[in-house]
Each structure stands twice: as C-alpha cells, then as structure tokens.
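The structure appears right after this line, and notes come after that.
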Amino acid sequence: MLSLDYRLYLFDFDYTLVNSEPAIVKCFHITLQKLGYPDVPDERIKKTIGLPMVEAVKRIVGTADDAEAERFVDAYRPEADRYMTPGTTFFPGAVETLRAIKATGAKVGIISNKTHRRIQEKFDVDHVPELIDLIIGSDNVKSHKPEPTGLLRAIDHFHAAKADVLYTGDSYIDAETAQNAGVDFLAVTTGTTSAAAFARYPHIAILPTISALKDSLAKMSKK
C-alpha cells in the first residue's frame, strides 16, 4: 500500500484528472481542415496531449517554424472555446480523490501545459472550484514542462518542503518534470505513456487510474 504522508498534492490535468481527448482531437481536425493542412490520424494527435501547444502543433503539422505554429494556435483557439470544456470529462473517481485529499488538510494544485483559464473553467462548470487551491497553466510561466518552473512556483507559493510534495501525472513529461523539480512522482497510465516507460523514471507508484490513489487514501484514513 502507498504511504501518502504529503502536505501538497500537485497534478497534471489532461489524461490525469480529465479526459479531454475527444475535444482535443476534434479541435485539431477542424483546424487542420480550416487552414488547408492534410488531415492526420487520431493517434498522432493523442500522442501530443500534454505537450506545450506550440510543440504539439509542430509535431502534428510537421513544421519547425514557430510563427506557423502560432498561426495554427490562433486558428485553434476559437474551436477550443466552443468545444473544449463541453467535451472534457473528469475521470471516474477524480473529483472524489481531490475531495479525499482536501479532507486530510493537504493543499491541492494543478501544474499543466494547458491554459489556466481552460482548467479553471472546467472546475467552475462542474461546480467544484473549491477542490483546487492553485492552478499554474501554460500562460502563467515562461518555460513549460518538463522544465520544473511550475512545480517550483507552487512549492514556493505554499512554502512547502520538497519532501512534503507529490506530483501525479500521466506522461513521461510529468515524470521528467517531477525529477527536475526534485519531488516524488506518482504515475497514472490513463494517458499514452505505458507503465514500462514510467518504470525508467523515479516514482513512488504506477497506478492504472486516479481512483486508485483515492483508494489508497481511504485505506490510510481507516488506520
């Protein structure tokens, strides 16, 4: 059983707490068509979820040009405004996991390559904004994951010791971010990174779903 004696729990967003895959895939297909790019397979799009948006665009359209990628992002944004939050759902057990963490008195934050506004909107629409104490999105930092800037800012914000911090994510990018920040990492395999890939990184556990974290918290509370 996991030993979860942390005071600050930080999470990635996409593929960790929520499934936004249908919305992201839809928005990319629409934008590709709108700008006259060849369409790409869904799997190619899915593998970029969690990357900084400009980097994801570069991989999907096959360009190294920052300006071209930024133009794509500008065209993508109104589609995301329309489809992203309605097409994003919390994974089973995600909300309950956050509630269980908050019940311990610990703080909860999100560190994501998605924008702050988009993350906040999801919690607001689902009427659970009280479950999050801090959001650091891609628009809140100049360097993005796997750079540890967001994690370190959250640690500083809460005046936390690194030993009291757990970061949970679904991607090798999250594993690298935790490693770069010097904090414990918990992997969930609800994204496109396999358990075998996670095994190469420092981790306290590799879980199949976020609800497995809730189950571990529940067992601890009964001790």
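Chains: A, B, ... in order of the structure tokens. Residues: from 1 per chain. Ligands: from 1, in order shown.
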May I have the residues within 12 Å of Ala75 of chain A as a PyMOL selection string, using only C-alpha atoms and disregarding those fewer than 6 positions away in the same chain? chain A and resi 27-36+57+68-69+81
Would you list, as a compact mmCIF listing (two decimals) with C-alpha atoms, in the first residue's frame, the residues of segment 78-133 of chain A that end up in helix (DSSP H, G or I) under DSSP run on this structure's backbone?
```
# COMPACT_ATOMS: atom_id res chain seq x y z
CA PRO A 78 -11.94 29.64 -31.17
CA GLU A 79 -12.60 25.95 -31.77
CA ALA A 80 -11.33 25.17 -28.27
CA ASP A 81 -13.54 27.94 -26.88
CA ARG A 82 -16.50 26.18 -28.44
CA TYR A 83 -15.74 22.51 -27.87
CA ALA A 94 -11.08 12.11 -9.89
CA VAL A 95 -13.36 14.52 -8.05
CA GLU A 96 -13.67 12.11 -5.14
CA THR A 97 -9.88 11.79 -5.00
CA LEU A 98 -9.47 15.54 -4.73
CA ARG A 99 -12.12 15.67 -2.02
CA ALA A 100 -10.34 12.92 -0.07
CA ILE A 101 -7.05 14.83 -0.27
CA LYS A 102 -8.67 18.06 0.87
CA ALA A 103 -10.23 16.18 3.79
CA HIS A 116 -5.11 28.47 -16.60
CA ARG A 117 -8.45 29.74 -17.92
CA ARG A 118 -9.36 26.46 -19.56
CA ILE A 119 -8.60 24.44 -16.42
CA GLN A 120 -10.47 26.86 -14.14
CA GLU A 121 -13.45 26.79 -16.49
CA LYS A 122 -13.82 23.02 -16.12
CA PHE A 123 -13.86 23.18 -12.32
CA ASP A 124 -16.31 26.09 -12.42
CA VAL A 125 -18.68 24.39 -14.88
CA PRO A 129 -13.77 25.10 -7.77
CA GLU A 130 -13.18 24.67 -4.03
CA LEU A 131 -11.21 21.48 -4.69
```
Selection near Ile204 of chain A, 8 Å with only C-alpha atoms, sequence-local residues under 2 positions removed, as a tab-separated table (two decimals) with N, CA, C and O atoms, in the first residue's frame:
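Now in part.tsv:
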```
chain	number	residue	atom	x	y	z
A	2	LEU	N	0.42	2.28	-0.66
A	2	LEU	CA	1.16	3.53	-0.71
A	2	LEU	C	1.20	4.21	0.65
A	2	LEU	O	0.24	4.15	1.42
A	184	ASP	N	8.65	13.83	-5.30
A	184	ASP	CA	8.14	12.50	-5.57
A	184	ASP	C	7.13	12.53	-6.72
A	184	ASP	O	6.40	13.52	-6.89
A	185	PHE	N	7.08	11.42	-7.45
A	185	PHE	CA	6.20	11.32	-8.60
A	185	PHE	C	5.35	10.06	-8.51
A	185	PHE	O	5.84	8.98	-8.17
A	186	LEU	N	4.07	10.23	-8.83
A	186	LEU	CA	3.15	9.10	-8.93
A	186	LEU	C	2.60	9.10	-10.35
A	186	LEU	O	2.07	10.11	-10.82
A	202	PRO	N	12.17	7.77	-11.70
A	202	PRO	CA	11.87	7.66	-10.26
A	202	PRO	C	10.36	7.83	-10.04
A	202	PRO	O	9.74	8.73	-10.60
A	206	ILE	N	3.03	3.29	-9.80
A	206	ILE	CA	2.42	3.41	-11.12
A	206	ILE	C	1.02	2.81	-10.99
A	206	ILE	O	0.87	1.61	-10.76
```
Of the candidates A:Glu176, A:Ala199, A:Ser171, A:Ala160, which shows the shortest atom-to-atom distance to Ala106 of chain A, using only C-alpha atoms? A:Ala160
Let's see if you can do this: from backbone DSSP, list all strand (DSSP E or B) residues in segment 36-179 of chain A, as number ranges by chain. A: 89-90, 107-111, 134-136, 165-169
Pick from A:Val188, A:Met84, A:Val73, A:Leu17: nearest to Ile60 of chain A, with only C-alpha atoms counted? A:Val73
By how many Å are atom CA of Pro146 of chain A and atom CA of Ile111 of chain A apart? 10.8 Å
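Atom pair atom CA of Arg44 of chain A / atom CA of Arg59 of chain A has a distance of 8.4 Å (rounded to one decimal).
Atom CA of Pro38 of chain A to atom CA of Asp65 of chain A spans 17.1 Å [interatomic distance, one decimal].
Residue nearest Leu4 of chain A, chosen from A:Phe198, A:Tyr172, A:Phe72, A:Tyr167 and counting only C-alpha atoms: A:Tyr167.
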Residues near Gly50 of chain A, cut-off 8 Å, only C-alpha atoms, skip fewer than 3 positions along chain, as a list in words: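 My reading of the contact set: Asp14, Tyr15, Ser112, Asn113, Lys114, Ser171 and Ile173 of chain A.
Neighbouring residues of Val183 of chain A at 12 Å or closer, counting only C-alpha atoms and skipping chain neighbours under 4 positions away, are A:Tyr6, A:Leu8, A:Tyr9, A:Leu10, A:Pro148, A:Leu151, A:Leu152, A:Ala154, A:Ile155, A:Ala160, A:Ala161, A:Lys162, A:Ala163, A:Asp164, A:Val165, A:Leu166, A:Tyr167, A:Thr168, A:Asp174, A:Ala175, A:Glu176, A:Thr177, A:Ala178, A:Gln179, A:Pro202, A:His203, A:Ile204.
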